[in-house]
file structure_37.tsv (TSV, C-alpha atoms)
chain	number	residue	atom	x	y	z
F	556	MET	CA	-14.07	14.17	-14.22
F	557	ASN	CA	-14.73	11.52	-16.83
F	558	SER	CA	-12.30	13.17	-19.22
F	559	ASN	CA	-9.70	12.86	-16.50
F	560	LYS	CA	-10.45	9.17	-16.15
F	561	ASN	CA	-10.34	8.61	-19.88
F	562	LYS	CA	-6.99	10.30	-20.19
F	563	ILE	CA	-5.34	8.47	-17.31
F	564	SER	CA	-6.84	5.09	-18.22
F	565	LYS	CA	-5.00	5.20	-21.54
F	566	ILE	CA	-1.62	5.20	-19.83
F	567	ALA	CA	-2.25	3.47	-16.47
F	568	SER	CA	-2.42	-0.21	-15.58
F	569	ASN	CA	-5.86	-1.56	-14.68
F	570	SER	CA	-4.69	-3.17	-11.47
F	571	THR	CA	-2.80	-2.06	-8.37
F	572	PRO	CA	0.79	-3.32	-7.93
F	573	ASP	CA	1.22	-6.74	-6.32
F	574	TRP	CA	2.98	-5.43	-3.21
F	575	MET	CA	-0.27	-3.79	-2.08
F	576	ASN	CA	-1.76	-7.22	-1.39
F	577	ASP	CA	0.88	-7.96	1.24
F	578	ILE	CA	1.51	-4.65	2.92
F	579	ASP	CA	0.17	-3.63	6.29
F	580	TYR	CA	-1.34	-0.17	6.33
F	581	GLY	CA	-1.14	0.69	9.96
F	582	GLN	CA	-1.24	-0.49	13.50
F	583	ASN	CA	-0.45	-4.14	12.94
F	584	ASP	CA	3.07	-3.11	12.01
F	585	LEU	CA	3.86	-1.59	15.40
F	586	TRP	CA	5.53	-4.78	16.66
F	587	MET	CA	8.29	-3.83	14.20
F	588	ASP	CA	9.38	-1.12	16.65
F	589	TYR	CA	10.67	-3.94	18.83
F	590	SER	CA	12.24	-5.62	15.83
F	591	SER	CA	13.93	-2.36	14.88
F	592	GLU	CA	15.29	-1.85	18.41
F	593	ILE	CA	16.85	-5.31	18.33
F	594	ALA	CA	18.17	-4.88	14.76
F	595	ARG	CA	19.92	-1.63	15.68
F	596	ARG	CA	21.74	-3.26	18.56
F	597	ILE	CA	22.83	-6.30	16.58
F	598	TYR	CA	24.06	-4.04	13.76
F	599	ALA	CA	26.12	-1.97	16.19
F	600	LEU	CA	27.57	-5.05	17.92
F	601	ILE	CA	28.65	-6.61	14.61
F	602	LYS	CA	30.12	-3.32	13.42
F	603	ASP	CA	32.08	-2.80	16.64
F	604	ASN	CA	33.55	-6.30	16.72
F	605	ARG	CA	36.09	-6.99	13.99
F	606	LYS	CA	36.04	-10.69	14.77
F	607	LEU	CA	32.31	-10.89	14.14
F	608	ASN	CA	30.27	-10.79	10.95
F	609	GLN	CA	26.82	-11.89	9.86
F	610	GLU	CA	28.05	-15.32	8.77
F	611	LYS	CA	29.82	-16.04	12.06
F	612	LEU	CA	26.82	-14.88	14.04
F	613	ALA	CA	24.57	-17.09	11.92
F	614	ASN	CA	26.83	-20.10	12.54
F	615	SER	CA	26.85	-19.50	16.26
F	616	ILE	CA	23.06	-19.70	16.48
F	617	GLY	CA	22.72	-22.50	13.92
F	618	ALA	CA	21.10	-20.37	11.23
F	619	LYS	CA	21.89	-19.24	7.70
F	620	PRO	CA	23.46	-15.79	7.05
F	621	GLN	CA	20.32	-14.80	5.15
F	622	TYR	CA	18.39	-15.13	8.40
F	623	ILE	CA	20.69	-12.60	10.12
F	624	SER	CA	20.25	-10.32	7.14
F	625	ARG	CA	16.46	-10.46	7.56
F	626	ILE	CA	16.82	-9.70	11.27
F	627	LEU	CA	19.00	-6.68	10.46
F	628	ARG	CA	16.38	-5.44	8.02
F	629	GLY	CA	13.98	-5.38	10.96
F	630	LYS	CA	11.61	-7.79	9.28
F	631	GLU	CA	11.80	-10.80	11.57
F	632	ASN	CA	9.23	-11.56	14.22
F	633	LEU	CA	11.79	-13.15	16.54
F	634	THR	CA	10.95	-15.84	19.05
F	635	LEU	CA	12.17	-15.59	22.62
F	636	LYS	CA	14.36	-18.61	21.95
F	637	THR	CA	16.08	-16.84	19.05
F	638	ILE	CA	16.55	-13.66	21.07
F	639	TYR	CA	18.16	-15.74	23.79
F	640	LYS	CA	20.49	-17.44	21.29
F	641	LEU	CA	21.48	-14.11	19.76
F	642	SER	CA	22.08	-12.52	23.16
F	643	LYS	CA	24.29	-15.43	24.16
F	644	ALA	CA	26.26	-15.32	20.90
F	645	LEU	CA	26.71	-11.55	21.12
F	646	HIS	CA	27.42	-11.50	24.89
F	647	PHE	CA	24.81	-8.78	25.13
F	648	GLU	CA	21.29	-8.82	26.56
F	649	LEU	CA	19.09	-7.78	23.65
F	650	ILE	CA	16.05	-7.44	25.85
F	651	THR	CA	15.89	-6.71	29.56
F	652	PHE	CA	13.11	-6.90	32.10
F	653	PRO	CA	12.20	-4.37	34.78
F	654	PRO	CA	13.05	-5.60	38.28
F	655	TYR	CA	10.03	-7.15	39.89
F	656	GLU	CA	9.32	-8.82	43.19
F	657	TYR	CA	6.10	-10.46	44.07
F	658	SER	CA	5.75	-8.25	47.14
F	659	GLN	CA	6.08	-5.04	45.14
F	660	PRO	CA	3.03	-3.54	43.39
F	661	ILE	CA	3.57	-3.92	39.64
F	662	SER	CA	2.00	-0.50	39.06
F	663	ASP	CA	5.15	1.09	40.55
F	664	LEU	CA	7.12	-0.17	37.57
F	665	LEU	CA	4.83	0.93	34.79
F	666	LYS	CA	6.55	2.88	32.03
F	667	PRO	CA	5.31	3.89	28.60
F	668	PRO	CA	6.23	1.37	25.91
F	669	ILE	CA	8.71	2.37	23.24
F	670	TRP	CA	6.10	3.04	20.56
F	671	GLN	CA	4.67	5.81	22.73
F	672	MET	CA	7.97	7.68	22.96
F	673	GLU	CA	8.63	10.60	20.69
F	674	ILE	CA	12.05	11.94	19.82
F	675	ASN	CA	12.87	15.28	21.36
F	676	ALA	CA	16.42	16.52	21.74
F	677	ASN	CA	17.51	17.68	25.21
F	678	GLU	CA	14.27	16.56	26.81
F	679	GLN	CA	13.05	13.43	28.46
F	680	PRO	CA	10.95	11.30	26.10
F	681	LYS	CA	7.27	12.21	26.20
F	682	VAL	CA	4.37	9.85	25.97
F	683	VAL	CA	2.29	10.47	22.87
F	684	GLU	CA	-0.76	8.76	21.48
F	685	MET	CA	1.07	7.20	18.63
F	686	TYR	CA	-0.88	4.00	18.90
F	687	SER	CA	-3.86	5.67	17.28
F	688	TYR	CA	-1.64	7.72	14.94
F	689	LYS	CA	-3.42	10.84	16.19
F	690	ASN	CA	-0.13	12.67	16.44
F	691	PHE	CA	0.66	12.21	12.78
F	692	LYS	CA	-1.00	14.88	10.73
F	693	VAL	CA	0.14	16.39	7.49
F	694	ASN	CA	1.59	19.80	6.75
D	818	MET	CA	7.75	2.69	-18.09
D	819	LYS	CA	4.38	2.07	-16.51
D	820	LEU	CA	1.80	3.73	-14.31
D	821	TYR	CA	-0.02	1.95	-11.47
D	822	PRO	CA	-3.13	3.04	-9.58
D	823	ILE	CA	-2.54	3.03	-5.81
D	824	PHE	CA	-5.61	4.61	-4.23
D	825	VAL	CA	-7.91	5.70	-7.04
D	826	ASP	CA	-11.61	6.54	-7.24
D	827	GLU	CA	-13.02	4.17	-9.86
D	828	LYS	CA	-15.66	6.60	-11.07
D	829	SER	CA	-13.57	9.70	-11.55
D	830	GLY	CA	-10.06	8.30	-11.94
D	831	GLU	CA	-8.93	10.77	-9.29
D	832	GLY	CA	-6.39	9.69	-6.74
D	833	LEU	CA	-2.86	8.49	-6.33
D	834	TYR	CA	-0.78	6.72	-8.96
D	835	SER	CA	2.78	5.44	-8.84
D	836	PHE	CA	5.28	5.38	-11.69
D	837	GLN	CA	7.44	2.40	-12.61
D	838	PHE	CA	10.62	3.39	-14.44
D	839	GLY	CA	12.11	0.04	-15.41
D	840	LYS	CA	11.55	-3.53	-14.32
D	841	GLY	CA	10.78	-4.28	-10.70
D	842	LYS	CA	8.53	-2.32	-8.43
D	843	ASP	CA	6.80	0.98	-8.99
D	844	GLU	CA	8.34	3.90	-7.11
D	845	LEU	CA	6.04	3.86	-4.06
D	846	GLY	CA	6.47	0.12	-3.60
D	847	ARG	CA	10.22	0.38	-4.06
D	848	LEU	CA	10.55	3.22	-1.57
D	849	LEU	CA	8.38	1.62	1.10
D	850	GLN	CA	10.47	-1.54	0.85
D	851	LEU	CA	13.69	0.48	1.22
D	852	TRP	CA	12.48	2.72	4.02
D	853	ARG	CA	11.12	-0.22	6.02
D	854	ASN	CA	14.46	-1.99	5.64
D	855	HIS	CA	16.26	-1.12	8.84
D	856	LEU	CA	19.67	-2.17	7.50
D	857	TYR	CA	19.32	0.04	4.41
D	858	VAL	CA	18.25	3.06	6.49
D	859	THR	CA	21.09	2.57	8.99
D	860	GLU	CA	23.72	2.21	6.28
D	861	TYR	CA	22.31	5.21	4.38
D	862	CYS	CA	22.55	7.37	7.49
D	863	GLU	CA	26.06	6.14	8.22
D	864	LYS	CA	27.09	6.93	4.65
D	865	ASN	CA	25.57	10.41	4.93
D	866	ARG	CA	26.80	11.11	8.44
D	867	GLU	CA	28.35	14.40	7.29
D	868	HIS	CA	24.86	15.77	6.58
D	869	ILE	CA	23.42	14.67	9.92
D	870	VAL	CA	26.09	16.28	12.10
D	871	THR	CA	25.16	19.75	10.88
D	872	GLU	CA	23.19	22.65	12.25
D	873	TYR	CA	20.15	21.40	10.31
D	874	PHE	CA	19.80	18.49	12.72
D	875	LYS	CA	20.96	20.47	15.77
D	876	ASN	CA	21.23	18.14	18.73
D	877	PHE	CA	19.70	15.09	17.13
D	878	SER	CA	21.88	12.01	16.78
D	879	ILE	CA	22.11	9.55	13.91
D	880	GLU	CA	20.15	7.17	16.12
D	881	ASP	CA	17.36	9.76	16.43
D	882	VAL	CA	17.29	10.20	12.67
D	883	ILE	CA	17.09	6.43	12.08
D	884	LYS	CA	14.22	6.12	14.56
D	885	LYS	CA	12.41	9.03	12.93
D	886	ILE	CA	12.73	7.47	9.49
D	887	HIS	CA	11.43	4.19	10.88
D	888	LYS	CA	8.35	5.89	12.32
D	889	GLU	CA	7.66	7.96	9.18
D	890	ALA	CA	7.98	4.86	6.99
D	891	GLN	CA	5.34	3.16	9.11
D	892	ILE	CA	2.89	6.02	8.77
D	893	ILE	CA	3.22	7.22	5.18
D	894	LEU	CA	1.03	4.66	3.44
D	895	TRP	CA	-1.59	4.93	6.16
D	896	LEU	CA	-1.74	8.71	5.62
D	897	LEU	CA	-1.97	8.41	1.84
D	898	LYS	CA	-4.79	5.92	2.19
D	899	LYS	CA	-6.59	8.15	4.65
D	900	TYR	CA	-6.47	11.18	2.36
D	901	THR	CA	-7.63	9.24	-0.68
D	902	SER	CA	-10.45	7.52	1.17
D	903	PHE	CA	-13.07	9.12	-1.02
D	904	GLU	CA	-16.24	8.13	0.82
D	905	LYS	CA	-15.10	9.21	4.24
D	906	TYR	CA	-12.90	12.22	3.61
D	907	GLY	CA	-13.69	13.32	0.06
D	908	HIS	CA	-11.01	14.46	-2.29
D	909	ARG	CA	-8.20	15.78	-0.15
D	910	LEU	CA	-5.02	14.57	-1.75
D	911	GLN	CA	-3.95	18.06	-2.77
D	912	HIS	CA	-4.17	19.11	0.88
D	913	ILE	CA	-1.22	16.89	1.67
D	914	PHE	CA	0.84	17.22	-1.51
D	915	LYS	CA	2.47	20.65	-1.71
D	916	PRO	CA	4.18	22.39	-4.61
D	917	LEU	CA	7.85	21.40	-4.71
D	918	ASN	CA	8.75	25.06	-4.94
D	919	ASP	CA	7.76	26.61	-1.60
D	920	ASN	CA	7.24	29.98	-3.27
D	921	GLU	CA	4.49	28.76	-5.59
D	922	THR	CA	0.99	29.84	-4.59
D	923	LYS	CA	-1.05	28.06	-7.24
D	924	LEU	CA	-1.74	24.50	-8.29
D	925	TYR	CA	-1.50	23.54	-11.94
D	926	VAL	CA	-1.18	20.63	-14.33
D	927	PHE	CA	2.21	18.88	-14.40
D	928	GLN	CA	3.25	20.71	-11.25
D	929	LYS	CA	6.17	19.20	-9.37
D	930	SER	CA	4.93	18.32	-5.89
D	931	LYS	CA	6.11	16.83	-2.62
D	932	PHE	CA	4.70	15.04	0.39
D	933	SER	CA	5.95	14.62	3.93
D	934	VAL	CA	4.43	13.94	7.33
D	935	GLU	CA	3.65	16.85	9.60
D	936	ARG	CA	6.40	18.86	11.21
D	937	ARG	CA	5.96	19.02	14.97
D	938	ARG	CA	7.25	21.74	17.24
D	939	LYS	CA	10.63	21.02	18.89
D	940	GLN	CA	10.76	17.76	16.97
D	941	LEU	CA	12.95	16.63	14.13
D	942	SER	CA	11.69	17.90	10.79
D	943	PRO	CA	10.14	15.26	8.54
D	944	ILE	CA	12.90	13.36	6.76
D	945	LEU	CA	11.16	11.21	4.19
D	946	ARG	CA	9.85	12.84	1.01
D	947	LEU	CA	7.67	11.58	-1.78
D	948	TYR	CA	7.84	13.46	-5.05
D	949	ALA	CA	4.97	13.57	-7.50
D	950	ILE	CA	3.56	15.23	-10.58
D	951	ARG	CA	0.11	16.75	-10.16
D	952	ILE	CA	-1.92	15.90	-13.26
D	953	SER	CA	-5.34	17.21	-12.26
D	954	GLU	CA	-7.43	18.02	-9.21
D	955	ASN	CA	-6.50	15.64	-6.37
D	956	THR	CA	-4.63	13.41	-8.78
D	957	TYR	CA	-0.92	12.81	-8.39
D	958	ILE	CA	1.67	10.45	-9.84
D	959	ILE	CA	4.47	9.50	-7.48
D	960	THR	CA	7.75	9.73	-9.35
D	961	GLY	CA	10.09	8.90	-6.49
D	962	GLY	CA	11.17	9.86	-3.02
D	963	ALA	CA	14.16	10.28	-0.79
D	964	ILE	CA	15.64	10.39	2.67
D	965	LYS	CA	16.15	14.15	2.76
D	966	LEU	CA	19.04	15.05	5.05
D	967	VAL	CA	19.81	18.45	3.55
D	968	ARG	CA	17.87	21.69	3.35
D	969	ARG	CA	17.88	22.11	-0.45
D	970	MET	CA	17.49	19.50	-3.17
D	971	SER	CA	20.55	20.85	-4.96
D	972	GLU	CA	22.73	19.86	-1.98
D	973	HIS	CA	22.54	16.10	-2.50
D	974	ASP	CA	22.97	13.91	-5.60
D	975	ASP	CA	20.02	11.68	-4.68
D	976	LEU	CA	17.70	14.69	-4.58
D	977	ILE	CA	19.05	16.07	-7.86
D	978	ASN	CA	18.25	12.66	-9.35
D	979	GLU	CA	14.70	12.88	-7.97
D	980	ASN	CA	14.26	16.21	-9.72
D	981	ASP	CA	15.38	14.58	-12.98
D	982	LYS	CA	12.83	11.79	-12.45
D	983	LEU	CA	10.07	14.37	-12.06
D	984	GLU	CA	11.04	15.80	-15.44
D	985	LYS	CA	11.16	12.35	-17.05
D	986	VAL	CA	7.63	11.51	-15.91
D	987	LYS	CA	6.33	14.86	-17.10
D	988	LYS	CA	7.90	14.18	-20.50
D	989	PHE	CA	6.44	10.65	-20.53
D	990	LEU	CA	2.94	11.99	-19.86
D	991	ILE	CA	3.16	14.52	-22.65
D	992	GLU	CA	4.60	12.00	-25.12
D	993	ASN	CA	1.86	9.50	-24.28
D	994	GLY	CA	-0.97	11.84	-24.91
D	995	TYR	CA	-1.86	13.11	-21.48
D	996	GLN	CA	-2.99	16.55	-22.57
D	997	THR	CA	-2.83	19.61	-20.38
D	998	GLU	CA	-6.05	21.40	-19.60
D	999	GLU	CA	-7.15	24.64	-18.03
D	1000	ASP	CA	-6.76	23.73	-14.41
D	1001	LEU	CA	-5.40	26.43	-12.19
D	1002	ILE	CA	-6.21	26.65	-8.51
D	1003	PHE	CA	-4.89	29.35	-6.24
D	1004	ILE	CA	-3.82	28.29	-2.78
D	1005	LEU	CA	-5.50	30.44	-0.18
call {"tool": "encode", "arguments": {"input": "structure_37.tsv", "output": "structure tokens"}}
result
Amino acid sequence: MNSNKNKISKIASNSTPDWMNDIDYGQNDLWMDYSSEIARRIYALIKDNRKLNQEKLANSIGAKPQYISRILRGKENLTLKTIYKLSKALHFELITFPPYEYSQPISDLLKPPIWQMEINANEQPKVVEMYSYKNFKVN
Amino acid sequence: MKLYPIFVDEKSGEGLYSFQFGKGKDELGRLLQLWRNHLYVTEYCEKNREHIVTEYFKNFSIEDVIKKIHKEAQIILWLLKKYTSFEKYGHRLQHIFKPLNDNETKLYVFQKSKFSVERRRKQLSPILRLYAIRISENTYIITGGAIKLVRRMSEHDDLINENDKLEKVKKFLIENGYQTEEDLIFIL
């Protein structure tokens, strides 16, 4: 084993790359599923509307185009206020809420969150234990 | 050209390394940044729409493919870390990296290898690939990776380029004194 280490140490850097200090290895990234859902919709709305582009959308919410670009990359942890502004500018509700009345038991409305859905053609989405990553094994 | 340790056992030097071809990030860092960029993934799938609307993807839509890539990109680094976590799991990296050529039944030095998340029944096949050179037992150097939307590597320019990168890294290792050794393991 030491010969292996000696050989590789001659050609490898001593330290890990800088990006490894910032990256999230697992479950803390799951909020990005929401970010991705929103990004997909904004992308489609901009693409479908010839009168709209990232710059115009940015102007309409009082932000810089770079901010819209970050949103489209799925990297932004958006505030409710920003989601509202974007929805208003796009004339499209980016998030919706299940109907709820105080008199109705909330348990009747419970549905699995999006990160527990798996993709399966021709079938209804199934709930999987993605939160613990148990469903992801290797070949 | 440079080589970075990603998850490496300090005592033995075994583990996962990533290659840096020019300036900028090493390959694993570069790919994770790209694959976690929703805009890049969406535009890539749009650009390669012709490959998605084929029998290979059956009834899955571009939207399904984008979502799948998003989920795989979230999980890849976690899996690599898990299988190089030496204290807890031991040396298992070569359980998850497979020979690039599906017909090969042995592991050897400078072998072209690939990694993907598990294929699940009735689900979309894994789409993201990491490519690596195996340099010794449980030790791999990532040379690149791709969003694989076709069955064979020869069917897409990006994948042909990844094959070239595998060759370049192999050449780099030989030119920089990484000697081959007797290291042949048969896959059961």
call {"tool": "interface_residues", "arguments": {"input": "structure_37.tsv", "of": "chain D", "to": "chain F", "cutoff": "9 Å", "atoms": "only C-alpha atoms", "output": "PyMOL selection string"}}
result
chain D and resi 819-824+827-831+834+842-843+846+853-859+875-878+880-881+884-885+887-889+891-896+898+912-915+932-937+939-941+952-953+990+993-996
call {"tool": "atom_distance", "arguments": {"input": "structure_37.tsv", "atom1": "atom CA of D:Ile879", "atom2": "atom CA of D:Tyr861"}}
result
10.5 Å
call {"tool": "atom_distance", "arguments": {"input": "structure_37.tsv", "atom1": "atom CA of D:Lys988", "atom2": "atom CA of D:Leu966"}}
result
27.9 Å
call {"tool": "residues_around", "arguments": {"input": "structure_37.tsv", "residues": "D:Leu945", "least_positions_apart": "3", "cutoff": "6 Å", "atoms": "all atoms listed in the file", "output": "ChimeraX atom specification"}}
result
/D:963-965
call {"tool": "write_last_selection", "arguments": {"input": "structure_37.tsv", "atoms": "C-alpha atoms", "output": "PDB file, keeping the file's coordinate frame"}}
result
ATOM      1  CA  ALA D 963      14.160  10.280  -0.790  1.00  0.00           C
ATOM      2  CA  ILE D 964      15.640  10.390   2.670  1.00  0.00           C
ATOM      3  CA  LYS D 965      16.150  14.150   2.760  1.00  0.00           C
TER       4      LYS D 965
END
call {"tool": "residues_around", "arguments": {"input": "structure_37.tsv", "residues": "F:Thr637", "least_positions_apart": "6", "cutoff": "10 Å", "atoms": "only C-alpha atoms", "output": "PyMOL selection string"}}
result
chain F and resi 616+618+643
call {"tool": "residues_near_point", "arguments": {"input": "structure_37.tsv", "point": "(23.0, -14.2, 17.7)", "cutoff": "9 Å", "atoms": "all atoms listed in the file", "output": "list in words"}}
result
Ile597, Leu612, Ala613, Asn614, Ser615, Ile616, Ile623, Thr637, Ile638, Tyr639, Lys640, Leu641, Ser642, Lys643, Ala644, Leu645 and His646 of chain F
call {"tool": "atom_distance", "arguments": {"input": "structure_37.tsv", "atom1": "atom CA of D:Val870", "atom2": "atom CA of F:Leu607"}}
result
27.9 Å
